[in-house]
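Student: Dropping in target-v6.cif, with mmCIF, C-alpha atoms.
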```
data_target
loop_
_atom_site.label_atom_id
_atom_site.label_comp_id
_atom_site.auth_asym_id
_atom_site.auth_seq_id
_atom_site.Cartn_x
_atom_site.Cartn_y
_atom_site.Cartn_z
CA MET A 402 -8.01 42.48 10.62
CA PHE A 403 -8.10 42.78 6.85
CA GLY A 404 -9.98 44.84 4.27
CA TYR A 405 -8.19 48.15 4.73
CA VAL A 406 -5.98 48.04 1.62
CA THR A 407 -8.48 48.61 -1.15
CA ILE A 408 -9.30 51.08 -3.91
CA CYS A 409 -10.91 54.51 -3.75
CA GLU A 410 -13.52 53.74 -6.39
CA PRO A 411 -14.64 57.33 -7.26
CA GLU A 412 -11.04 58.29 -8.08
CA LEU A 413 -10.35 55.30 -10.34
CA LYS A 414 -10.87 55.22 -14.12
CA VAL A 415 -13.53 52.79 -15.33
CA LYS A 416 -11.02 50.58 -17.17
CA ASP A 417 -8.81 50.38 -14.08
CA LEU A 418 -11.79 49.59 -11.84
CA LYS A 419 -12.78 46.72 -14.11
CA LYS A 420 -9.25 45.38 -14.11
CA TYR A 421 -8.93 45.61 -10.32
CA LYS A 422 -12.20 43.70 -9.90
CA ALA A 423 -10.92 41.09 -12.36
CA TYR A 424 -7.81 40.57 -10.21
CA TYR A 425 -10.02 40.26 -7.12
CA CYS A 426 -12.36 37.77 -8.82
CA GLY A 427 -9.34 35.86 -10.10
CA LEU A 428 -8.07 35.43 -6.55
CA CYS A 429 -11.51 34.29 -5.43
CA ARG A 430 -11.61 31.66 -8.18
CA GLU A 431 -8.09 30.47 -7.37
CA LEU A 432 -9.02 30.05 -3.70
CA LYS A 433 -12.12 28.09 -4.73
CA LYS A 434 -10.13 25.92 -7.14
CA GLN A 435 -7.33 25.10 -4.70
CA TYR A 436 -9.10 25.15 -1.33
CA GLY A 437 -12.83 24.97 -1.95
CA THR A 438 -15.41 27.09 -0.14
CA PRO A 439 -13.33 27.35 3.09
CA GLY A 440 -10.54 28.87 1.02
CA GLN A 441 -12.89 31.39 -0.56
CA MET A 442 -13.88 32.57 2.90
CA THR A 443 -10.31 33.84 3.44
CA LEU A 444 -10.56 36.20 0.44
CA THR A 445 -9.21 39.71 1.16
CA TYR A 446 -8.70 42.97 -0.70
CA ASP A 447 -5.28 43.26 0.94
CA MET A 448 -3.89 40.27 -0.95
CA THR A 449 -5.43 41.63 -4.16
CA PHE A 450 -3.12 44.63 -3.73
CA ALA A 451 -0.19 42.23 -3.41
CA ILE A 452 -1.24 40.52 -6.66
CA VAL A 453 -1.43 43.80 -8.59
CA LEU A 454 1.91 44.97 -7.16
CA LEU A 455 3.84 41.75 -7.80
CA THR A 456 2.27 41.26 -11.24
CA SER A 457 3.34 44.78 -12.19
CA LEU A 458 6.85 44.36 -10.80
CA TYR A 459 7.57 40.95 -12.33
CA GLU A 460 5.51 41.58 -15.48
CA SER A 461 3.84 38.20 -15.07
CA GLN A 462 1.95 36.70 -17.99
CA THR A 463 -1.71 37.05 -17.02
CA GLU A 464 -4.65 35.16 -18.51
CA ALA A 465 -8.13 36.63 -18.79
CA GLU A 466 -11.07 34.30 -18.12
CA PHE A 467 -14.83 34.67 -17.83
CA HIS A 468 -16.83 32.60 -15.34
CA ARG A 469 -20.06 32.60 -13.38
CA CYS A 470 -19.96 32.18 -9.62
CA LYS A 471 -22.32 32.08 -6.62
CA ALA A 472 -22.04 35.84 -6.19
CA HIS A 473 -22.72 36.43 -9.91
CA PRO A 474 -24.80 33.46 -11.16
CA VAL A 475 -26.32 35.20 -14.20
CA LYS A 476 -23.53 37.13 -15.90
CA LYS A 477 -20.01 35.81 -16.42
CA GLN A 478 -17.37 37.88 -14.64
CA ALA A 479 -13.93 38.82 -15.96
CA MET A 480 -11.13 37.18 -13.98
CA LEU A 481 -7.36 37.69 -14.22
CA ARG A 482 -5.01 34.97 -13.00
CA ASN A 483 -1.31 34.18 -13.12
CA GLU A 484 1.38 32.52 -10.97
CA ILE A 485 1.18 35.47 -8.55
CA THR A 486 -2.51 34.73 -8.03
CA ARG A 487 -1.65 31.18 -6.97
CA TYR A 488 1.01 32.50 -4.59
CA ALA A 489 -1.42 35.03 -3.06
CA ALA A 490 -4.05 32.32 -2.59
CA ASP A 491 -1.51 30.14 -0.78
CA MET A 492 -0.45 33.04 1.47
CA ASN A 493 -4.07 33.95 2.17
CA VAL A 494 -4.90 30.46 3.37
CA LEU A 495 -1.60 30.06 5.23
CA LEU A 496 -2.20 33.21 7.26
CA ALA A 497 -5.82 32.25 7.93
CA TYR A 498 -4.73 28.80 9.11
CA TYR A 499 -2.14 30.07 11.60
CA HIS A 500 -4.55 32.71 12.86
CA LEU A 501 -7.21 30.06 13.51
CA LYS A 502 -4.58 27.81 15.10
CA ASP A 503 -3.60 30.59 17.51
CA ASP A 504 -7.25 31.28 18.33
CA TRP A 505 -7.64 27.67 19.42
CA GLU A 506 -4.34 27.29 21.28
CA ASP A 507 -4.48 30.65 23.08
CA GLU A 508 -8.20 31.20 23.72
CA LYS A 509 -9.73 27.78 22.97
CA LYS A 510 -12.13 29.34 20.48
CA ILE A 511 -14.21 26.56 18.93
CA GLY A 512 -14.23 28.44 15.60
CA GLY A 513 -10.45 28.32 15.58
CA PHE A 514 -10.43 24.57 16.23
CA LEU A 515 -12.97 23.85 13.49
CA GLY A 516 -11.43 26.27 11.01
CA LYS A 517 -7.87 24.98 11.32
CA GLY A 518 -9.18 21.43 11.08
CA VAL A 519 -10.88 22.17 7.76
CA LEU A 520 -7.76 23.80 6.29
CA HIS A 521 -5.10 21.58 7.87
CA GLY A 522 -4.85 18.93 5.15
CA LYS A 523 -4.22 21.27 2.23
CA VAL A 524 -2.18 23.78 4.21
CA LYS A 525 0.46 21.12 4.96
CA LYS A 526 1.48 21.28 1.28
CA VAL A 527 1.74 25.07 1.43
CA ILE A 528 3.93 24.89 4.55
CA ARG A 529 6.31 22.52 2.78
CA LYS A 530 6.30 24.70 -0.35
CA TYR A 531 6.91 27.98 1.49
CA PRO A 532 8.90 27.18 4.66
CA ARG A 533 10.32 30.73 4.95
CA GLN A 534 6.94 32.45 4.92
CA SER A 535 5.33 29.75 7.05
CA ARG A 536 7.96 30.01 9.78
CA VAL A 537 7.81 33.82 9.99
CA ILE A 538 3.99 33.93 10.00
CA GLU A 539 3.80 31.36 12.81
CA GLU A 540 6.54 33.03 14.87
CA SER A 541 5.11 36.53 14.40
CA LEU A 542 1.60 35.52 15.44
CA ARG A 543 3.01 33.69 18.47
CA GLU A 544 5.02 36.77 19.44
CA LEU A 545 1.96 38.97 18.99
CA ALA A 546 -0.09 36.64 21.18
CA GLU A 547 2.53 36.99 23.95
CA TYR A 548 2.32 40.79 23.81
CA GLU A 549 -1.45 40.57 23.99
CA LYS A 550 -1.29 38.25 27.01
CA ARG A 551 0.94 40.80 28.77
CA ASN A 552 -1.51 43.54 27.82
CA SER A 553 1.33 45.45 26.15
CA SER A 554 0.77 49.07 25.18
CA ASP A 555 3.92 49.14 23.05
CA VAL A 556 2.23 49.87 19.74
CA ASP A 557 5.45 49.77 17.75
CA ARG A 558 6.28 46.23 18.91
CA THR A 559 2.78 44.79 18.60
CA ALA A 560 2.18 46.33 15.18
CA GLY A 561 5.70 45.27 14.23
CA CYS A 562 4.74 41.62 14.68
CA PHE A 563 2.05 41.94 12.04
CA GLY A 564 4.42 44.02 9.92
CA LYS A 565 7.01 41.23 9.94
CA LEU A 566 4.61 38.58 8.71
CA MET A 567 3.25 40.86 5.97
CA ALA A 568 6.82 41.70 4.94
CA GLU A 569 7.60 38.01 4.48
CA MET A 570 4.44 37.44 2.44
CA PHE A 571 5.28 40.30 0.08
CA VAL A 572 8.69 38.77 -0.73
CA TYR A 573 7.61 36.57 -3.63
CA GLN A 574 11.21 35.61 -4.36
CA GLU A 575 14.51 36.59 -2.81
CA ASP A 576 16.06 38.86 -5.46
CA ILE A 577 17.04 42.50 -6.03
CA TRP A 578 13.52 43.67 -5.15
CA GLU A 579 13.42 41.83 -1.81
CA LYS A 580 14.43 44.81 0.35
CA SER A 581 11.82 47.16 -1.10
CA LEU A 582 9.04 44.56 -1.06
CA ARG A 583 9.87 43.67 2.52
CA ARG A 584 9.64 47.33 3.60
CA ILE A 585 6.36 47.83 1.73
CA GLY A 586 4.85 44.78 3.42
CA PHE A 587 6.25 45.72 6.82
CA PHE A 588 4.83 49.25 6.95
CA LEU A 589 1.58 48.19 5.32
CA GLY A 590 1.20 45.46 7.94
CA LYS A 591 1.77 47.93 10.75
CA PHE A 592 -0.79 50.27 9.19
CA ILE A 593 -3.37 47.47 9.01
CA TYR A 594 -2.81 46.43 12.63
CA ILE A 595 -3.01 49.98 14.01
CA MET A 596 -5.99 50.86 11.83
CA ASP A 597 -7.80 47.75 13.05
CA ALA A 598 -7.07 48.64 16.69
CA TYR A 599 -8.27 52.20 16.09
CA GLU A 600 -11.52 51.04 14.50
CA ASP A 601 -12.22 48.46 17.23
CA MET A 602 -11.44 50.72 20.19
CA GLU A 603 -14.97 51.38 21.48
CA GLU A 604 -16.07 47.77 21.04
CA ASP A 605 -12.92 46.48 22.75
CA ILE A 606 -13.55 48.77 25.72
CA LYS A 607 -17.14 47.53 26.03
CA LYS A 608 -16.06 43.88 25.87
CA ASN A 609 -12.92 44.43 27.96
CA CYS A 610 -10.76 43.10 25.12
CA TYR A 611 -7.09 43.81 24.51
CA ASN A 612 -6.25 46.90 22.45
CA PRO A 613 -2.69 48.32 22.21
CA LEU A 614 -4.03 51.87 21.83
CA ILE A 615 -6.00 51.84 25.09
CA ARG A 616 -3.52 54.01 26.99
CA LEU A 617 -3.61 56.67 24.30
CA TYR A 618 -7.39 56.67 24.09
CA GLY A 619 -9.09 59.50 25.91
CA LYS A 620 -6.10 61.80 25.83
CA GLU A 621 -6.59 65.21 24.29
CA ASP A 622 -4.26 64.55 21.36
CA TYR A 623 -5.41 60.95 20.75
CA GLU A 624 -6.90 61.54 17.30
CA GLU A 625 -3.95 63.64 16.21
CA LYS A 626 -1.43 61.00 17.31
CA ILE A 627 -3.29 58.18 15.58
CA GLN A 628 -3.44 60.16 12.35
CA GLN A 629 0.29 60.93 12.58
CA ILE A 630 1.18 57.27 13.15
CA LEU A 631 -1.00 56.06 10.27
CA CYS A 632 0.36 58.74 7.92
CA MET A 633 3.91 57.76 8.85
CA MET A 634 3.28 54.10 8.02
CA ILE A 635 1.74 54.84 4.62
CA ALA A 636 4.39 57.47 3.81
CA GLU A 637 7.15 54.90 4.35
CA CYS A 638 5.25 52.30 2.35
CA SER A 639 4.54 54.67 -0.56
CA ALA A 640 8.09 56.02 -0.67
CA GLU A 641 9.42 52.47 -1.02
CA PHE A 642 6.85 51.66 -3.69
CA GLU A 643 7.97 54.62 -5.81
CA LYS A 644 11.48 53.10 -5.97
CA LEU A 645 10.15 50.09 -7.89
CA PRO A 646 10.01 50.08 -11.71
CA CYS A 647 6.26 49.42 -11.80
CA LEU A 648 4.54 50.63 -14.97
CA LEU A 649 1.70 48.16 -15.45
CA ASP A 650 -1.38 49.12 -13.41
CA VAL A 651 0.53 51.90 -11.65
CA ASP A 652 -2.61 54.04 -11.48
CA ILE A 653 -4.40 51.27 -9.55
CA LEU A 654 -1.48 50.89 -7.17
CA ARG A 655 -1.20 54.62 -6.50
CA ASN A 656 -4.96 54.88 -6.05
CA ILE A 657 -4.77 52.25 -3.31
CA LEU A 658 -1.72 53.66 -1.52
CA TYR A 659 -2.63 57.33 -1.67
CA ASP A 660 -6.43 57.17 -1.37
CA GLY A 661 -7.91 53.70 -0.89
CA VAL A 662 -6.14 52.84 2.36
CA TRP A 663 -7.93 55.80 3.98
CA ASN A 664 -11.47 54.65 3.11
CA ARG A 665 -12.25 53.14 6.51
CA TYR A 666 -10.48 55.92 8.41
CA ASN A 667 -12.55 58.54 6.58
CA ARG A 668 -15.76 56.64 7.33
CA ILE A 669 -14.86 56.53 11.03
CA GLN A 670 -14.17 60.26 11.04
CA LYS A 671 -17.47 60.94 9.28
CA ARG A 672 -19.37 58.81 11.80
CA MET A 673 -17.71 60.56 14.73
CA LEU A 674 -18.58 63.96 13.26
CA GLU A 675 -22.22 62.95 12.78
CA GLU A 676 -22.43 61.58 16.32
CA GLY A 677 -20.89 64.79 17.66
CA LYS A 678 -23.44 66.92 15.82
CA LYS A 679 -26.25 64.69 17.09
CA ASP A 680 -25.09 65.11 20.70
CA ASP A 681 -24.83 68.89 20.22
CA ASP A 682 -28.38 69.01 18.83
CA GLU A 683 -29.74 67.00 21.75
CA GLU A 684 -28.03 69.30 24.27
CA SER A 685 -29.44 72.41 22.62
CA LEU A 686 -33.05 71.14 22.85
#
```
Any chance you could put this one into structure tokens?
Tutor:
Amino acid sequence: MFGYVTICEPELKVKDLKKYKAYYCGLCRELKKQYGTPGQMTLTYDMTFAIVLLTSLYESQTEAEFHRCKAHPVKKQAMLRNEITRYAADMNVLLAYYHLKDDWEDEKKIGGFLGKGVLHGKVKKVIRKYPRQSRVIEESLRELAEYEKRNSSDVDRTAGCFGKLMAEMFVYQEDIWEKSLRRIGFFLGKFIYIMDAYEDMEEDIKKNCYNPLIRLYGKEDYEEKIQQILCMMIAECSAEFEKLPCLLDVDILRNILYDGVWNRYNRIQKRMLEEGKKDDDEESL
């Protein structure tokens, strides 16, 4: 369900692209350091956005490092890390753990059982360290699972569950910025959930899997409604972001919010257009 909140590379300056990649590689290294290879497997672009945002807002002291890794064994890669990176790594693993736990308890997926077992030992420390975030993540995923069991088509409620857990993760500390960060996380979480459902629609229909958008699918104004909903989520998120006094890396942040979040949507639209042209060509033969 992740990977939607990333950069639009062609629109980003070279120096900003290098810095964004350094934040991403820094998160990867932190996950490896704290949680080993299983932790690295939870790496997401979405939490990289959170790192850049919170680092900019709190002006955190960031250290630059250069390391080789399995993905880049020859040349050392630039990596940026700070206390926000550690927090994001903890949240990444915490969310992955509860997701795997739900997979096992609700659907008895063997991958969920094995995955939560691998992470359980180290995640216990994170749960004790961040009881607020841990409680909301667990409750939100449980609530979402109940909606899915009832085959709910209430998109606002189902997406809202994911919005609530993302909102809690974005609140690094309860201070004057809490309200804005919570709203950014909430609407971004809803966007991610709805975008994921939109992208998975055809596959979910084939496999007879739950999808909250199923009742909208097939209607004449389906594409228009989905676009409106997604635009609304990002508009709310971006408007709240602009209230924050972020100066550091603001070009990266705006690139993500105004362009990058639409990467997957644009690819889907392009694929649909190509498939439509192909069908038209076959009919004309």
Student: Could you tell me which residues the PyMOL selection byres ((chain A and resi 625-638) around 6) returns for this structure, as number ranges by chain?
Tutor: A: 585, 588, 592, 622-624, 639-641
Student: Which one of A:Asp650, A:Lys420, A:Met480, A:Tyr459 sits closest to Val572 of chain A if you count all atoms listed in the file?
Tutor: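 Result for the nearest residue to Val572 of chain A: A:Tyr459.
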Student: Fewer than 6 positions away in the same chain doesn't count, so skip those; otherwise give me all residues within 10 Å of Phe642 of chain A, counting only C-alpha atoms, as a ChimeraX atom specification.
Tutor: /A:454,581-582,584-585,636,654-655,658
Student: Please, what distance in Å, to one decimal, runs between atom CA of His500 of chain A and atom CA of Trp663 of chain A?
Tutor: 25.0 Å
Student: When you draw a straight line from atom CA of Ile577 of chain A to atom CA of Asp652 of chain A, how long is it in Å?
Tutor: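 Result for atom CA of Ile577 of chain A versus atom CA of Asp652 of chain A: 23.4 Å, one decimal.
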Student: Pick out the residues sitting within 6 Å of Gly427 of chain A, and hand them over as a list in words; count all atoms listed in the file, and ignore anything fewer than 3 positions along from it in its own chain.
Tutor: Ala423, Tyr424, Arg430, Met480, Leu481 and Arg482 of chain A
Student: Could you write out as a ChimeraX atom specification the residues that the PyMOL selection byres ((chain A and resi 544-549) around 9) matches in the shown file?
Tutor: /A:503,507,539-543,550-555,558-563,611-613
